[in-house]
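J.: Sharing protein.cif here; it has mmCIF, C-alpha atoms.
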```
data_protein
loop_
_atom_site.label_atom_id
_atom_site.label_comp_id
_atom_site.auth_asym_id
_atom_site.auth_seq_id
_atom_site.Cartn_x
_atom_site.Cartn_y
_atom_site.Cartn_z
CA ALA A 1026 0.00 0.00 0.00
CA GLN A 1027 1.10 3.54 -0.64
CA SER A 1028 1.91 5.94 2.12
CA VAL A 1029 3.49 9.33 2.45
CA THR A 1030 5.39 10.60 5.46
CA GLN A 1031 6.29 14.22 5.93
CA LEU A 1032 8.82 14.69 8.68
CA GLY A 1033 8.03 17.68 10.80
CA SER A 1034 4.57 19.17 11.02
CA HIS A 1035 6.14 22.61 11.47
CA VAL A 1036 9.31 24.06 10.02
CA SER A 1037 10.55 27.54 10.83
CA VAL A 1038 13.27 29.32 8.88
CA SER A 1039 14.58 32.85 8.66
CA GLU A 1040 14.01 34.91 5.57
CA GLY A 1041 16.82 34.20 3.14
CA ALA A 1042 17.65 30.83 4.66
CA LEU A 1043 17.46 27.45 3.02
CA VAL A 1044 14.09 25.73 3.05
CA LEU A 1045 14.07 21.93 3.36
CA LEU A 1046 10.80 20.03 3.69
CA ARG A 1047 11.12 16.29 3.93
CA CYS A 1048 8.96 13.68 2.29
CA ASN A 1049 9.34 9.92 2.21
CA TYR A 1050 7.00 7.58 0.43
CA SER A 1051 6.19 3.93 0.29
CA SER A 1052 5.04 2.36 -2.94
CA SER A 1053 5.39 -1.06 -4.47
CA VAL A 1054 5.48 0.37 -7.98
CA PRO A 1055 7.10 3.48 -9.43
CA PRO A 1056 5.10 6.45 -8.23
CA TYR A 1057 4.33 9.87 -9.49
CA LEU A 1058 5.30 12.39 -6.85
CA PHE A 1059 3.94 15.85 -6.21
CA TRP A 1060 4.37 18.81 -3.94
CA TYR A 1061 1.47 21.16 -3.36
CA VAL A 1062 1.19 24.43 -1.48
CA GLN A 1063 -1.91 25.62 0.32
CA TYR A 1064 -2.53 29.13 1.57
CA PRO A 1065 -5.19 29.70 4.25
CA ASN A 1066 -8.72 28.98 3.11
CA GLN A 1067 -7.60 28.14 -0.41
CA GLY A 1068 -7.27 25.03 -2.48
CA LEU A 1069 -4.04 23.33 -3.41
CA GLN A 1070 -1.60 24.68 -5.95
CA LEU A 1071 0.86 22.39 -7.67
CA LEU A 1072 4.47 23.36 -6.97
CA LEU A 1073 6.20 20.62 -8.91
CA LYS A 1074 5.95 17.00 -9.94
CA TYR A 1075 8.08 14.02 -10.79
CA THR A 1076 6.86 11.44 -13.25
CA THR A 1077 9.82 10.10 -15.21
CA GLY A 1078 13.14 11.32 -16.48
CA ALA A 1079 15.35 13.77 -14.65
CA THR A 1080 15.22 13.17 -10.94
CA LEU A 1081 15.77 16.81 -10.02
CA VAL A 1082 12.65 18.73 -10.84
CA LYS A 1083 12.16 22.45 -10.69
CA GLY A 1084 8.87 24.06 -9.85
CA ILE A 1085 7.33 27.43 -9.39
CA ASN A 1086 8.51 30.10 -6.96
CA GLY A 1087 12.08 28.80 -6.95
CA PHE A 1088 11.28 25.43 -5.40
CA GLU A 1089 12.84 22.19 -6.49
CA ALA A 1090 12.77 18.58 -5.37
CA GLU A 1091 14.88 15.53 -6.03
CA PHE A 1092 13.52 12.04 -6.43
CA LYS A 1093 15.83 9.55 -4.75
CA LYS A 1094 14.61 6.06 -5.38
CA SER A 1095 17.18 4.41 -3.10
CA GLU A 1096 16.01 6.57 -0.21
CA THR A 1097 12.34 6.63 -1.27
CA SER A 1098 12.46 10.36 -0.75
CA PHE A 1099 11.25 13.46 -2.52
CA HIS A 1100 12.42 16.36 -0.38
CA LEU A 1101 11.45 19.91 -1.30
CA THR A 1102 14.03 22.68 -1.18
CA LYS A 1103 14.38 26.35 -1.88
CA PRO A 1104 17.74 28.12 -1.54
CA SER A 1105 16.39 31.32 -0.02
CA ALA A 1106 13.11 31.61 1.84
CA HIS A 1107 10.80 34.51 1.28
CA MET A 1108 8.07 35.73 3.58
CA SER A 1109 5.50 34.83 0.96
CA ASP A 1110 6.56 31.17 1.18
CA ALA A 1111 4.84 30.83 4.53
CA ALA A 1112 2.10 28.26 3.90
CA GLU A 1113 1.17 24.61 4.28
CA TYR A 1114 2.99 22.18 2.02
CA PHE A 1115 1.76 18.74 1.09
CA CYS A 1116 3.69 15.91 -0.49
CA ALA A 1117 1.58 13.46 -2.47
CA VAL A 1118 2.03 10.21 -4.36
CA THR A 1119 0.03 8.60 -7.13
CA ILE A 1120 0.93 5.14 -8.29
CA THR A 1121 1.69 4.86 -11.96
CA GLY A 1122 -1.53 4.39 -13.87
CA GLY A 1123 -3.55 4.76 -10.72
CA PHE A 1124 -6.34 7.12 -9.93
CA LYS A 1125 -5.90 7.82 -6.26
CA THR A 1126 -3.50 10.27 -4.77
CA ILE A 1127 -2.34 9.89 -1.21
CA PHE A 1128 -1.33 13.00 0.69
CA GLY A 1129 1.13 13.43 3.49
CA ALA A 1130 0.03 15.10 6.69
CA GLY A 1131 1.44 18.41 5.62
CA THR A 1132 4.19 20.68 6.86
CA ARG A 1133 3.52 24.23 7.86
CA LEU A 1134 6.36 26.53 6.91
CA PHE A 1135 6.96 29.64 8.99
CA VAL A 1136 9.31 32.32 7.69
CA LYS A 1137 10.77 34.74 10.20
CA ALA A 1138 11.84 38.24 9.30
CA GLY B 431 -3.25 25.39 -17.00
CA ALA B 432 -6.37 23.45 -16.15
CA VAL B 433 -8.86 25.29 -14.00
CA VAL B 434 -11.31 23.83 -11.55
CA SER B 435 -13.97 25.92 -9.85
CA GLN B 436 -16.12 25.28 -6.83
CA HIS B 437 -19.34 26.90 -5.82
CA PRO B 438 -20.09 28.21 -3.33
CA SER B 439 -16.83 29.22 -1.70
CA ARG B 440 -18.54 29.58 1.65
CA VAL B 441 -21.87 28.38 2.94
CA ILE B 442 -23.58 28.53 6.30
CA CYS B 443 -26.57 26.32 6.84
CA LYS B 444 -28.78 25.22 9.68
CA SER B 445 -28.58 21.80 11.20
CA GLY B 446 -30.86 19.36 9.42
CA THR B 447 -30.77 21.04 6.03
CA SER B 448 -28.95 19.86 2.91
CA VAL B 449 -26.22 21.67 1.07
CA LYS B 450 -24.99 21.13 -2.48
CA ILE B 451 -21.46 21.95 -3.56
CA GLU B 452 -20.54 22.09 -7.23
CA CYS B 453 -17.20 21.27 -8.78
CA ARG B 454 -16.55 22.21 -12.40
CA SER B 455 -13.62 21.64 -14.70
CA LEU B 456 -13.63 24.80 -16.79
CA ASP B 457 -11.32 24.01 -19.68
CA PHE B 458 -11.07 20.26 -19.84
CA GLN B 459 -13.24 17.20 -19.54
CA ALA B 460 -12.79 15.10 -16.46
CA THR B 461 -14.13 11.58 -16.30
CA THR B 462 -12.86 11.34 -12.77
CA MET B 463 -13.21 13.85 -9.99
CA PHE B 464 -12.37 13.51 -6.33
CA TRP B 465 -13.89 14.93 -3.19
CA TYR B 466 -11.75 15.63 -0.16
CA ARG B 467 -12.47 16.87 3.29
CA GLN B 468 -9.96 18.84 5.24
CA PHE B 469 -10.18 19.37 8.98
CA PRO B 470 -8.46 22.39 10.54
CA LYS B 471 -4.70 22.07 10.39
CA LYS B 472 -4.99 18.59 8.93
CA SER B 473 -4.28 16.94 5.65
CA LEU B 474 -6.79 16.14 2.95
CA MET B 475 -8.92 13.08 3.50
CA LEU B 476 -10.24 11.47 0.35
CA MET B 477 -13.98 10.99 0.70
CA ALA B 478 -14.90 9.56 -2.66
CA THR B 479 -13.99 9.16 -6.28
CA SER B 480 -16.61 10.48 -8.66
CA ASN B 481 -16.83 8.82 -12.08
CA GLU B 482 -18.85 10.35 -14.87
CA GLY B 483 -21.93 8.33 -15.64
CA SER B 484 -21.50 5.84 -12.83
CA LYS B 485 -21.74 5.58 -9.09
CA ALA B 486 -19.14 7.17 -6.92
CA THR B 487 -16.67 5.06 -5.04
CA TYR B 488 -16.59 5.95 -1.37
CA GLU B 489 -13.69 5.52 0.98
CA GLN B 490 -14.06 3.42 4.05
CA GLY B 491 -15.91 5.19 6.80
CA VAL B 492 -17.61 7.75 4.55
CA GLU B 493 -21.40 7.55 4.62
CA LYS B 494 -22.61 7.47 1.04
CA ASP B 495 -26.17 8.25 2.03
CA LYS B 496 -25.03 11.36 3.81
CA PHE B 497 -22.58 12.59 1.21
CA LEU B 498 -24.35 12.21 -2.12
CA ILE B 499 -22.15 12.54 -5.18
CA ASN B 500 -23.38 13.00 -8.70
CA HIS B 501 -21.15 13.26 -11.76
CA ALA B 502 -23.67 13.83 -14.49
CA SER B 503 -21.38 15.39 -17.06
CA LEU B 504 -17.71 15.46 -17.96
CA THR B 505 -17.31 18.89 -16.41
CA LEU B 506 -19.51 18.80 -13.33
CA SER B 507 -19.59 16.83 -10.12
CA THR B 508 -21.75 17.72 -7.14
CA LEU B 509 -21.48 16.83 -3.49
CA THR B 510 -24.64 17.10 -1.42
CA VAL B 511 -24.32 16.99 2.34
CA THR B 512 -27.70 15.74 3.51
CA SER B 513 -29.20 16.48 6.91
CA ALA B 514 -26.14 18.44 7.85
CA HIS B 515 -24.93 18.52 11.44
CA PRO B 516 -22.35 20.75 13.10
CA GLU B 517 -19.76 17.97 12.89
CA ASP B 518 -20.03 18.17 9.10
CA SER B 519 -18.56 21.64 9.25
CA SER B 520 -15.33 21.48 7.32
CA PHE B 521 -13.42 22.58 4.26
CA TYR B 522 -14.41 20.53 1.24
CA ILE B 523 -12.10 20.43 -1.76
CA CYS B 524 -12.69 18.81 -5.10
CA SER B 525 -10.21 17.92 -7.77
CA ALA B 526 -10.49 16.85 -11.36
CA ARG B 527 -8.18 14.32 -12.91
CA PHE B 528 -6.49 15.09 -16.21
CA SER B 529 -3.97 12.49 -17.36
CA TYR B 530 -1.99 11.62 -14.24
CA GLU B 531 -2.47 14.95 -12.54
CA GLN B 532 -5.16 16.35 -10.35
CA TYR B 533 -6.27 19.95 -10.51
CA PHE B 534 -7.83 21.29 -7.37
CA GLY B 535 -10.72 23.59 -6.81
CA PRO B 536 -10.40 26.50 -4.36
CA GLY B 537 -12.46 24.73 -1.72
CA THR B 538 -15.79 25.31 0.01
CA ARG B 539 -16.01 26.24 3.65
CA LEU B 540 -19.15 24.68 5.14
CA THR B 541 -20.39 25.83 8.51
CA VAL B 542 -23.39 24.10 10.03
CA THR B 543 -25.04 25.97 12.87
#
```
Would you encode the structure as structure tokens?
T.:
Amino acid sequence: AQSVTQLGSHVSVSEGALVLLRCNYSSSVPPYLFWYVQYPNQGLQLLLKYTTGATLVKGINGFEAEFKKSETSFHLTKPSAHMSDAAEYFCAVTITGGFKTIFGAGTRLFVKA
Amino acid sequence: GAVVSQHPSRVICKSGTSVKIECRSLDFQATTMFWYRQFPKKSLMLMATSNEGSKATYEQGVEKDKFLINHASLTLSTLTVTSAHPEDSSFYICSARFSYEQYFGPGTRLTVT
């Protein structure tokens, strides 16, 4: 069965510092991996995705993530945090050819001035 | 990119009444849509998978007679919360599947008084 684990329900960084949000998944078949961002009282916005090909994927707002099969990880990073990055971030996995997407519990990112 | 709308964005209803939430894919046809429920500061919980022209598939623990789903066309799915109670108050988010991706609506905040 698929599962997604996001380490750390809250992450706090200073403005300009590196952002690292961790995500590990469990899947018996190659998955599609996603990161979404959610601002208060809004739906989810896709940040980036991995399906096939290059394992380092770049998304919007300067975010990127690297698929590491050996570590079953898909951590999200951004070199320099901005105040506007403060939000809830969800990692998600869809099995190849599947219809369901499983979400992690979410990580709330706080950015300090 | 693909756009999914939800209506209404907010609704307040009295206990015992029914509320209908609409989810529309605006620029693509979606044979599959999903309904999620999100509790405060929690992740998304998949309630059901809505398939155009057929019955919805409900997740374990979700009452299908309480949460009625209809997917009558390739661009519209509706969720009706019947005989609403205060514990049904939540943020409901729909998504529409296009290829291997899901596109999310902005969500509907339901408050049952």
J.: Name the residues captured by the PyMOL selection byres ((chain A) within 6 of (chain B)) when it is applied to the shown file; answer as a PDB file with C-alpha atoms, keeping the file's coordinate frame.
T.:
```
ATOM      1  CA  GLN A1067      -7.600  28.140  -0.410  1.00  0.00           C
ATOM      2  CA  GLY A1068      -7.270  25.030  -2.480  1.00  0.00           C
ATOM      3  CA  LEU A1069      -4.040  23.330  -3.410  1.00  0.00           C
ATOM      4  CA  ALA A1130       0.030  15.100   6.690  1.00  0.00           C
ATOM      5  CA  GLY A1131       1.440  18.410   5.620  1.00  0.00           C
TER       6      GLY A1131
END
```
J.: Of the candidates A:Asn1086, A:Ser1053, A:Thr1030, A:Thr1119, which shows the shortest atom-to-atom distance to Ser1105 (chain A), using all atoms listed in the file?
T.: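 Of all the options, A:Asn1086 lies closest to Ser1105 (chain A).
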J.: Rounded to one decimal in Å, what is the spacing between CA of Ser1037 (chain A) and CA of Glu1096 (chain A)?
T.: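 Between these atoms lies a distance of 24.3 Å.
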J.: What lies within 12 Å of Ser1051 (chain A) using only C-alpha atoms, ignoring chain neighbours under 5 positions off, as a ChimeraX atom specification?
T.: /A:1026-1031,1056-1058,1094-1099,1117-1120,1127-1129
J.: Can you pull out every residue within 7 Å of Glu1113 (chain A), counting all atoms listed in the file, but drop anything in the same chain fewer than 6 positions away, and send it as a ChimeraX atom specification?
T.: /A:1062-1064,1131-1134
J.: So the first atom is CA of Ala1112 (chain A) and the second is CA of Thr541 (chain B); what is the distance between them in Å, to one decimal place?
T.: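 Computed distance, CA of Ala1112 (chain A) to CA of Thr541 (chain B), equals 23.1 Å.
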J.: To one decimal in Å, tell me the separation between CA of Tyr1075 (chain A) and CA of Phe1059 (chain A).
T.: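 Between CA of Tyr1075 (chain A) and CA of Phe1059 (chain A) the gap is 6.4 Å.
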J.: Hey, which of B:Ala514, B:Phe497, B:Ala526, B:Leu540 ends up closest to His437 (chain B)? Count all atoms listed in the file.
T.: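 Of the candidates, the smallest distance to His437 (chain B) is held by B:Leu540.
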J.: Apply the PyMOL selection byres ((chain A and resi 1046) around 7) to the displayed file and report the matching residues as a ChimeraX atom specification.
T.: /A:1044-1045,1047-1048,1100-1102
J.: Pick out the closest residue to Thr461 (chain B) from this set: B:Gln490, B:Thr512, B:Thr505, B:Ser448. Count only C-alpha atoms.
T.: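 Smallest separation from Thr461 (chain B) among the options: B:Thr505.
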J.: Please evaluate the PyMOL selection byres ((chain A and resi 1084) around 9) against the displayed coordinates and give the resulting residues as a PyMOL selection string.
T.: chain A and resi 1071-1074+1082-1083+1085-1090
J.: Those residues with C-alpha atoms, as a PDB file, keeping the file's coordinate frame please?
T.:
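Contents of result_10.pdb, as written:
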```pdb
ATOM      1  CA  LEU A1071       0.860  22.390  -7.670  1.00  0.00           C
ATOM      2  CA  LEU A1072       4.470  23.360  -6.970  1.00  0.00           C
ATOM      3  CA  LEU A1073       6.200  20.620  -8.910  1.00  0.00           C
ATOM      4  CA  LYS A1074       5.950  17.000  -9.940  1.00  0.00           C
ATOM      5  CA  VAL A1082      12.650  18.730 -10.840  1.00  0.00           C
ATOM      6  CA  LYS A1083      12.160  22.450 -10.690  1.00  0.00           C
ATOM      7  CA  ILE A1085       7.330  27.430  -9.390  1.00  0.00           C
ATOM      8  CA  ASN A1086       8.510  30.100  -6.960  1.00  0.00           C
ATOM      9  CA  GLY A1087      12.080  28.800  -6.950  1.00  0.00           C
ATOM     10  CA  PHE A1088      11.280  25.430  -5.400  1.00  0.00           C
ATOM     11  CA  GLU A1089      12.840  22.190  -6.490  1.00  0.00           C
ATOM     12  CA  ALA A1090      12.770  18.580  -5.370  1.00  0.00           C
TER      13      ALA A1090
END
```
J.: If I wrap all listed atoms of region 1066-1082 of chain A in a box with edges along x, y and z and add 5 Å on each side, what are its centre and edge lengths in Å to one decimal, as lines of an AutoDock Vina configuration file?
T.:
```
center_x = 3.5
center_y = 19.5
center_z = -6.7
size_x = 34.5
size_y = 28.9
size_z = 29.6
```
J.: Write out as a PDB file with C-alpha atoms, in the coordinates of the input the residues lying within 8 Å of Leu504 (chain B), counting all atoms listed in the file and excluding same-chain residues fewer than 4 positions away.
T.:
```pdb
ATOM      1  CA  GLN B 459     -13.240  17.200 -19.540  1.00  0.00           C
ATOM      2  CA  ALA B 460     -12.790  15.100 -16.460  1.00  0.00           C
ATOM      3  CA  THR B 461     -14.130  11.580 -16.300  1.00  0.00           C
ATOM      4  CA  GLU B 482     -18.850  10.350 -14.870  1.00  0.00           C
TER       5      GLU B 482
END
```
